[in-house]
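One file, protein-v4.cif, is given below (mmCIF, C-alpha atoms and all ligand atoms).
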data_protein
loop_
_atom_site.label_atom_id
_atom_site.label_comp_id
_atom_site.auth_asym_id
_atom_site.auth_seq_id
_atom_site.Cartn_x
_atom_site.Cartn_y
_atom_site.Cartn_z
CA MET A 1 -132.69 65.39 -51.67
CA LEU A 2 -133.96 68.87 -51.14
CA MET A 3 -131.26 70.98 -49.55
CA ASN A 4 -132.18 73.99 -47.46
CA ILE A 5 -130.11 77.17 -47.30
CA LYS A 6 -128.48 76.46 -43.95
CA ARG A 7 -127.33 73.06 -45.15
CA TRP A 8 -126.13 74.44 -48.46
CA LYS A 9 -124.14 77.14 -46.68
CA SER A 10 -122.30 74.77 -44.37
CA PHE A 11 -121.91 72.18 -47.13
CA ASN A 12 -120.24 74.66 -49.47
CA LYS A 13 -118.26 76.79 -47.02
CA GLU A 14 -114.96 75.31 -48.14
CA ARG A 15 -115.85 75.12 -51.81
CA VAL A 16 -116.85 78.70 -52.55
CA PRO A 17 -113.86 81.07 -52.67
CA GLY A 18 -114.27 84.14 -50.50
CA TYR A 19 -117.33 82.60 -48.94
CA SER A 20 -118.29 84.09 -45.60
CA THR A 21 -119.78 82.10 -42.76
CA ARG A 22 -122.31 84.75 -41.75
CA GLY A 23 -125.95 84.21 -42.44
CA GLU A 24 -126.83 81.93 -39.54
CA LYS A 25 -130.00 84.00 -39.28
CA VAL A 26 -131.31 82.12 -42.31
CA LYS A 27 -134.53 80.31 -41.86
CA ALA A 28 -134.26 76.76 -43.09
CA ASP A 29 -137.73 76.59 -44.59
CA GLU A 30 -139.59 77.70 -47.65
CA VAL A 31 -137.22 77.90 -50.56
CA PRO A 32 -138.93 79.76 -53.44
CA ARG A 33 -140.08 77.39 -56.15
CA HIS A 34 -139.65 79.77 -59.06
CA VAL A 35 -137.01 82.52 -59.13
CA ALA A 36 -136.87 85.00 -62.02
CA ILE A 37 -133.86 87.24 -62.62
CA ILE A 38 -133.26 90.39 -64.66
CA MET A 39 -129.52 90.07 -65.29
CA ASP A 40 -128.60 93.74 -65.55
CA GLY A 41 -125.25 95.56 -65.32
CA ASN A 42 -123.06 93.65 -67.75
CA GLY A 43 -122.25 96.73 -69.84
CA ARG A 44 -121.52 98.78 -66.74
CA TRP A 45 -119.25 96.06 -65.37
CA ALA A 46 -117.22 96.19 -68.60
CA LYS A 47 -117.12 99.99 -68.71
CA LYS A 48 -115.69 100.13 -65.19
CA ARG A 49 -112.83 97.97 -66.46
CA HIS A 50 -112.38 99.92 -69.72
CA LEU A 51 -113.49 96.86 -71.64
CA PRO A 52 -116.03 96.67 -74.51
CA ARG A 53 -119.64 96.04 -73.40
CA VAL A 54 -119.57 92.58 -74.93
CA ALA A 55 -116.87 91.55 -72.44
CA GLY A 56 -119.46 92.12 -69.71
CA HIS A 57 -122.06 90.01 -71.54
CA HIS A 58 -119.51 87.25 -71.84
CA GLU A 59 -118.58 87.43 -68.16
CA GLY A 60 -122.29 87.28 -67.30
CA MET A 61 -122.45 83.69 -68.53
CA LYS A 62 -120.18 82.59 -65.69
CA THR A 63 -122.69 84.02 -63.23
CA ILE A 64 -125.48 82.01 -64.89
CA ARG A 65 -123.43 78.89 -64.36
CA LYS A 66 -122.89 79.64 -60.65
CA ILE A 67 -126.48 80.60 -59.92
CA THR A 68 -127.91 77.64 -61.82
CA ARG A 69 -125.83 75.27 -59.74
CA VAL A 70 -126.82 76.72 -56.37
CA ALA A 71 -130.48 77.06 -57.40
CA ASN A 72 -130.56 73.40 -58.37
CA GLU A 73 -128.85 72.32 -55.14
CA LEU A 74 -131.36 74.30 -53.08
CA GLY A 75 -134.23 72.46 -54.74
CA ILE A 76 -135.58 75.48 -56.61
CA LYS A 77 -137.84 74.17 -59.37
CA VAL A 78 -137.63 76.94 -61.99
CA LEU A 79 -135.03 79.62 -62.72
CA THR A 80 -136.13 82.10 -65.39
CA LEU A 81 -133.42 84.39 -66.76
CA TYR A 82 -134.07 87.50 -68.87
CA ALA A 83 -131.35 87.11 -71.51
CA PHE A 84 -132.68 89.26 -74.38
CA SER A 85 -135.77 91.45 -74.65
CA THR A 86 -137.87 92.36 -77.68
CA GLU A 87 -136.46 95.90 -77.20
CA ASN A 88 -132.82 94.76 -77.31
CA TRP A 89 -132.90 94.61 -81.14
CA LYS A 90 -132.54 98.41 -81.04
CA ARG A 91 -128.97 98.11 -79.75
CA PRO A 92 -126.02 98.55 -82.16
CA LYS A 93 -125.91 95.75 -84.71
CA ALA A 94 -122.47 94.56 -83.64
CA GLU A 95 -123.68 94.11 -80.05
CA VAL A 96 -126.85 92.30 -81.16
CA ASP A 97 -124.79 89.99 -83.40
CA TYR A 98 -122.51 89.22 -80.48
CA LEU A 99 -125.40 88.57 -78.10
CA MET A 100 -126.96 86.15 -80.58
CA LYS A 101 -123.80 84.04 -80.46
CA LEU A 102 -123.95 83.67 -76.69
CA PRO A 103 -126.62 80.95 -76.45
CA GLU A 104 -124.42 78.72 -78.61
CA GLU A 105 -121.30 79.55 -76.70
CA PHE A 106 -123.03 79.07 -73.37
CA LEU A 107 -124.46 75.72 -74.40
CA SER A 108 -121.27 74.39 -75.98
CA THR A 109 -119.44 75.17 -72.73
CA TYR A 110 -122.05 74.26 -70.13
CA LEU A 111 -124.58 71.84 -71.64
CA PRO A 112 -122.60 68.75 -70.58
CA GLU A 113 -122.59 69.81 -66.92
CA LEU A 114 -126.23 70.93 -67.07
CA LYS A 115 -127.08 67.42 -68.22
CA GLU A 116 -125.02 65.90 -65.41
CA GLN A 117 -126.91 68.08 -62.95
CA ASN A 118 -130.28 66.88 -64.34
CA VAL A 119 -131.19 70.44 -65.45
CA LYS A 120 -133.95 70.89 -68.02
CA VAL A 121 -133.38 73.74 -70.49
CA GLN A 122 -136.39 75.68 -71.76
CA MET A 123 -136.90 78.93 -73.60
CA MET A 124 -139.69 81.51 -73.79
CA GLY A 125 -139.79 84.18 -76.48
CA HIS A 126 -140.16 84.36 -80.22
CA LYS A 127 -137.79 82.21 -82.16
CA GLU A 128 -138.54 83.59 -85.66
CA GLN A 129 -136.18 86.59 -85.49
CA ILE A 130 -133.40 84.62 -83.83
CA PRO A 131 -130.63 83.46 -86.23
CA LEU A 132 -131.02 79.86 -87.36
CA HIS A 133 -127.70 78.71 -85.90
CA THR A 134 -128.81 80.04 -82.50
CA GLN A 135 -132.23 78.39 -82.77
CA ARG A 136 -130.63 75.07 -83.64
CA ALA A 137 -128.29 75.13 -80.65
CA ILE A 138 -131.16 75.98 -78.31
CA ASN A 139 -133.50 73.35 -79.78
CA LYS A 140 -130.78 70.74 -79.38
CA ALA A 141 -130.31 71.65 -75.70
CA ILE A 142 -134.07 71.58 -75.11
CA ARG A 143 -134.35 68.18 -76.81
CA GLU A 144 -131.40 66.65 -74.99
CA THR A 145 -132.58 67.75 -71.56
CA GLU A 146 -136.31 67.15 -72.12
CA GLY A 147 -136.41 64.10 -69.87
CA ASN A 148 -134.59 65.74 -66.94
CA ASN A 149 -136.55 66.47 -63.80
CA GLY A 150 -134.17 68.74 -61.86
CA LEU A 151 -134.16 72.52 -62.12
CA ILE A 152 -135.93 74.02 -65.15
CA LEU A 153 -133.55 76.63 -66.58
CA ASN A 154 -135.89 78.86 -68.55
CA PHE A 155 -134.25 81.46 -70.79
CA ALA A 156 -136.36 84.48 -71.75
CA LEU A 157 -134.94 85.26 -75.19
CA ASN A 158 -136.56 87.75 -77.55
CA TYR A 159 -139.21 88.03 -74.86
CA GLY A 160 -141.43 91.00 -74.04
CA SER A 161 -144.38 90.82 -71.71
CA ARG A 162 -146.75 93.20 -73.53
CA ASP A 163 -146.06 91.30 -76.72
CA GLU A 164 -146.78 88.06 -74.85
CA ILE A 165 -150.09 89.41 -73.51
CA MET A 166 -151.14 90.87 -76.88
CA ARG A 167 -150.47 87.57 -78.64
CA ALA A 168 -152.41 85.72 -75.95
CA VAL A 169 -155.40 88.04 -76.45
CA LYS A 170 -155.26 87.63 -80.23
CA ASN A 171 -155.03 83.84 -79.95
CA ILE A 172 -157.97 83.78 -77.56
CA LEU A 173 -160.09 85.94 -79.90
CA ASN A 174 -159.16 83.63 -82.73
CA ASP A 175 -160.06 80.51 -80.75
CA VAL A 176 -163.40 82.06 -79.76
CA LYS A 177 -164.10 82.99 -83.37
CA ASN A 178 -163.29 79.47 -84.55
CA GLY A 179 -165.40 77.85 -81.84
CA ILE A 180 -162.35 76.28 -80.11
CA MET A 181 -163.12 78.19 -76.93
CA ASP A 182 -166.31 79.59 -75.45
CA GLU A 183 -165.82 83.14 -74.17
CA ASN A 184 -167.55 82.17 -70.91
CA GLU A 185 -164.75 79.69 -70.21
CA LEU A 186 -162.14 82.44 -70.04
CA THR A 187 -160.71 82.51 -66.51
CA GLU A 188 -157.31 83.65 -65.19
CA GLU A 189 -156.19 80.04 -65.34
CA VAL A 190 -157.24 79.67 -68.97
CA PHE A 191 -155.61 83.01 -69.82
CA HIS A 192 -152.34 81.79 -68.29
CA ARG A 193 -152.36 78.84 -70.67
CA TYR A 194 -152.07 81.30 -73.57
CA LEU A 195 -148.95 82.91 -72.08
CA MET A 196 -145.41 81.69 -72.73
CA THR A 197 -145.12 80.46 -69.15
CA ASN A 198 -147.88 77.93 -69.84
CA GLY A 199 -147.26 75.08 -67.41
CA LEU A 200 -144.88 77.00 -65.15
CA GLN A 201 -145.93 78.34 -61.79
CA ASP A 202 -145.66 82.10 -61.26
CA PRO A 203 -142.33 83.35 -59.83
CA ASP A 204 -142.16 83.57 -56.03
CA LEU A 205 -139.12 85.82 -56.18
CA LEU A 206 -137.85 88.34 -58.74
CA ILE A 207 -134.27 89.56 -58.50
CA ARG A 208 -132.94 92.49 -60.52
CA THR A 209 -129.25 93.29 -60.34
CA SER A 210 -127.43 96.57 -61.00
CA GLY A 211 -129.62 99.07 -59.13
CA GLU A 212 -132.47 99.79 -61.58
CA ILE A 213 -135.86 99.60 -59.87
CA ARG A 214 -138.18 98.71 -62.75
CA LEU A 215 -139.62 95.70 -64.56
CA SER A 216 -138.68 96.58 -68.14
CA ASN A 217 -141.56 94.64 -69.70
CA PHE A 218 -140.73 91.39 -67.90
CA MET A 219 -143.46 88.91 -66.89
CA LEU A 220 -146.05 91.57 -66.06
CA TRP A 221 -148.90 89.10 -65.59
CA GLN A 222 -146.87 86.46 -63.76
CA LEU A 223 -145.30 88.84 -61.22
CA ALA A 224 -148.61 89.96 -59.70
CA TYR A 225 -147.87 88.44 -56.24
CA THR A 226 -144.10 88.02 -56.50
CA GLU A 227 -141.61 89.36 -53.93
CA PHE A 228 -139.10 91.75 -55.54
CA VAL A 229 -135.47 92.00 -54.46
CA PHE A 230 -133.32 94.70 -56.08
CA THR A 231 -129.57 94.77 -55.58
CA ASP A 232 -126.86 97.21 -56.69
CA VAL A 233 -124.48 94.35 -57.48
CA LEU A 234 -123.71 94.11 -61.22
CA TRP A 235 -124.64 90.78 -62.82
CA PRO A 236 -121.04 89.63 -63.52
CA ASP A 237 -120.21 90.31 -59.83
CA PHE A 238 -123.34 88.56 -58.53
CA ASN A 239 -122.42 85.31 -56.75
CA GLU A 240 -123.82 82.46 -54.66
CA GLU A 241 -123.80 84.50 -51.51
CA HIS A 242 -125.71 87.41 -53.08
CA PHE A 243 -128.24 84.89 -54.34
CA LEU A 244 -128.63 83.35 -50.87
CA ASP A 245 -129.00 86.87 -49.42
CA ALA A 246 -131.88 87.50 -51.82
CA ILE A 247 -133.53 84.25 -50.73
CA GLU A 248 -133.07 85.18 -47.07
CA GLU A 249 -134.74 88.50 -47.80
CA TYR A 250 -137.59 86.66 -49.52
CA GLN A 251 -138.01 84.36 -46.52
CA LYS A 252 -138.13 87.29 -44.10
CA ARG A 253 -141.06 88.88 -45.83
CA SER A 254 -144.57 88.00 -44.97
CA ARG A 255 -146.30 86.84 -48.09
CA ARG A 256 -149.96 87.79 -47.93
CA PHE A 257 -151.26 87.36 -51.51
CA GLY A 258 -153.34 90.47 -50.90
CA GLY A 259 -155.31 88.62 -48.25
CA LEU A 260 -154.78 87.40 -44.72
CA LYS A 261 -152.01 85.14 -43.52
CA SER A 262 -153.23 81.60 -42.87
CA GLU A 263 -153.08 81.91 -39.06
CA GLU A 264 -155.12 85.13 -39.21
CA GLN A 265 -157.68 83.50 -41.46
CA THR A 266 -158.52 80.90 -38.82
CA ARG A 267 -159.38 83.55 -36.24
C1 LIG A 301 -126.73 86.15 -72.81
C2 LIG A 301 -125.01 86.47 -71.01
C3 LIG A 301 -125.52 86.57 -69.60
C4 LIG A 301 -125.78 87.97 -69.15
C5 LIG A 301 -127.00 88.59 -69.72
C6 LIG A 301 -126.99 89.07 -71.17
C7 LIG A 301 -125.99 88.42 -72.09
C8 LIG A 301 -126.91 82.79 -71.81
C9 LIG A 301 -127.77 82.77 -72.89
C10 LIG A 301 -128.55 81.63 -73.36
C11 LIG A 301 -129.78 81.82 -73.99
C12 LIG A 301 -130.54 80.73 -74.40
C13 LIG A 301 -130.08 79.45 -74.15
C14 LIG A 301 -128.89 79.24 -73.53
C15 LIG A 301 -128.12 80.33 -73.13
C16 LIG A 301 -127.75 84.08 -73.39
C17 LIG A 301 -128.22 85.91 -74.67
C18 LIG A 301 -127.40 86.70 -73.90
C19 LIG A 301 -128.94 86.49 -75.84
F1 LIG A 301 -130.84 78.39 -74.52
N1 LIG A 301 -126.40 84.00 -71.65
N2 LIG A 301 -126.90 84.81 -72.60
N3 LIG A 301 -128.40 84.61 -74.42
N4 LIG A 301 -125.93 86.96 -72.02
#

Can you turn what I pasted into structure tokens?
Amino acid sequence: MLMNIKRWKSFNKERVPGYSTRGEKVKADEVPRHVAIIMDGNGRWAKKRHLPRVAGHHEGMKTIRKITRVANELGIKVLTLYAFSTENWKRPKAEVDYLMKLPEEFLSTYLPELKEQNVKVQMMGHKEQIPLHTQRAINKAIRETEGNNGLILNFALNYGSRDEIMRAVKNILNDVKNGIMDENELTEEVFHRYLMTNGLQDPDLLIRTSGEIRLSNFMLWQLAYTEFVFTDVLWPDFNEEHFLDAIEEYQKRSRRFGGLKSEEQTR
């Protein structure tokens, strides 16, 4: 059953601690199909509490759990989360080492409930540089949830959009050279098949937490028509209600795809 926001809000009023009952202005239609999130502010969250940065990264996993659950209940089809960028390797080694343990920790804690919730785990990004133990844990989760048809939880890990586009271009040139593809066949749709989001629809909504107003090399091609919602809330503080607020904001906006709205087109 596809649950709309209004229903979800009244359904969960008692279950979400500190949950407010405001938000009756929510339209009950058009839940975004694909939501992408830049989960920023974990380090800042920790610093505010005089904790090491890694404590913020760890806390951020609890937010993933919360948001995955509500996204799935709302009937959102794809949730893409920017967990680690190709640029993040430049961080101090100790932090990188810690971050690379998080997929395993996340999955050993939450994979059972993700399975119960019919969630399908996917990943986009380059696996080669990722430690083997991390790759194994991720591959296992992907394999064990392959047959699920609920929310697709798509982790962007060692992902960078320029890298993704460059590799797509190189693969296309190679396929043309080898006669696998005719250059005249190259359309936007064909190009998309060479990207790491092959098979996934483009995001309808992008959320970035923690107040930075930039894309940081995230899904540059796929975000061409996406609505952007930026919030000052730090990722570990981000909760169900903030997520619903972002969806309300999305629903309020008129989505024009650079053209006319459907009712204007008929005039
Ligand atoms: C990471 C925790 C959440 C806040 C953002 C940065 C830190 C979950 C994963 C993960 C990745 C792949 C997968 C399952 C879980 C993760 C990294 C960092 C590198 F299949 N959280 N999380 N990976 N953070």

message: Hey, which residues sit close to ligand LIG 301 (chain A)? Say within 8 Å, counting all atoms listed in the file, and write them as a ChimeraX atom specification.
response: /A:39-40,42,56-64,82-84,99-107,121-123,137-139,141-142,154-158,235-236

query: What lies within 10 Å of A:Asn217 using all atoms listed in the file, ignoring chain neighbours under 5 positions off, as a list in words?
result: Ser85, Thr86, Glu87, Tyr159, Gly160, Ser161, Arg162, Asp163 and Glu164 of chain A

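You will find atom CA of A:Val35 at 28.2 Å from atom CA of A:Lys47.
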
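For the pair atom CA of A:Leu195 and atom CA of A:Lys177, the separation is 18.9 Å.
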
query: Interatomic distance between atom CA of A:Val31 and atom CA of A:Ile76?
result: 6.7 Å

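Neighbours of stretch 237-251 of chain A closer than or equal to 7 Å, with only C-alpha atoms counted and sequence neighbours fewer than 2 positions away skipped, come out as Val26, Glu30, Thr63, Lys66, Ile67, Val70, Leu205, Glu227, Val229, Val233, Leu234, Trp235 and Arg253 of chain A.
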
message: Measuring between all atoms listed in the file, which one of A:Asn149, A:Met196, A:Glu95, A:Thr187 shows the shortest distance to A:Ala168?
response: A:Met196

message: Considering all atoms listed in the file, can you say which of A:Leu153, A:Glu113, A:His192, A:Ala46 comes closest to A:Ile172?
response: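 Selected residue with least distance to A:Ile172: A:His192.
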
Counting only C-alpha atoms, the residue of A:Thr209, A:Asn72, A:Leu151, A:Phe191 that sits nearest A:Val169: A:Phe191

task: List the residues sitting within 9 Å of (-131.2, 65.9, -65.3) in the file's frame, using all atoms listed in the file, as a list in words.
output: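 Returned residue set, sorted by chain then number, is Leu114, Lys115, Glu116, Gln117, Asn118, Val119, Lys120, Thr145, Glu146, Gly147, Asn148, Asn149, Gly150 and Leu151 of chain A.
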
Output for the residues just chosen: C-alpha atoms as a PDB file, in the frame of the given file:
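Final file, selection_5.pdb:
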ATOM      1  CA  LEU A 114    -126.230  70.930 -67.070  1.00  0.00           C
ATOM      2  CA  LYS A 115    -127.080  67.420 -68.220  1.00  0.00           C
ATOM      3  CA  GLU A 116    -125.020  65.900 -65.410  1.00  0.00           C
ATOM      4  CA  GLN A 117    -126.910  68.080 -62.950  1.00  0.00           C
ATOM      5  CA  ASN A 118    -130.280  66.880 -64.340  1.00  0.00           C
ATOM      6  CA  VAL A 119    -131.190  70.440 -65.450  1.00  0.00           C
ATOM      7  CA  LYS A 120    -133.950  70.890 -68.020  1.00  0.00           C
ATOM      8  CA  THR A 145    -132.580  67.750 -71.560  1.00  0.00           C
ATOM      9  CA  GLU A 146    -136.310  67.150 -72.120  1.00  0.00           C
ATOM     10  CA  GLY A 147    -136.410  64.100 -69.870  1.00  0.00           C
ATOM     11  CA  ASN A 148    -134.590  65.740 -66.940  1.00  0.00           C
ATOM     12  CA  ASN A 149    -136.550  66.470 -63.800  1.00  0.00           C
ATOM     13  CA  GLY A 150    -134.170  68.740 -61.860  1.00  0.00           C
ATOM     14  CA  LEU A 151    -134.160  72.520 -62.120  1.00  0.00           C
TER      15      LEU A 151
END

message: When you count all atoms listed in the file, which of these residues is closest to A:Arg91: A:Gln201, A:Val54, A:Gly125, A:Lys170?
response: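 Among the listed residues, A:Val54 lies closest to A:Arg91.
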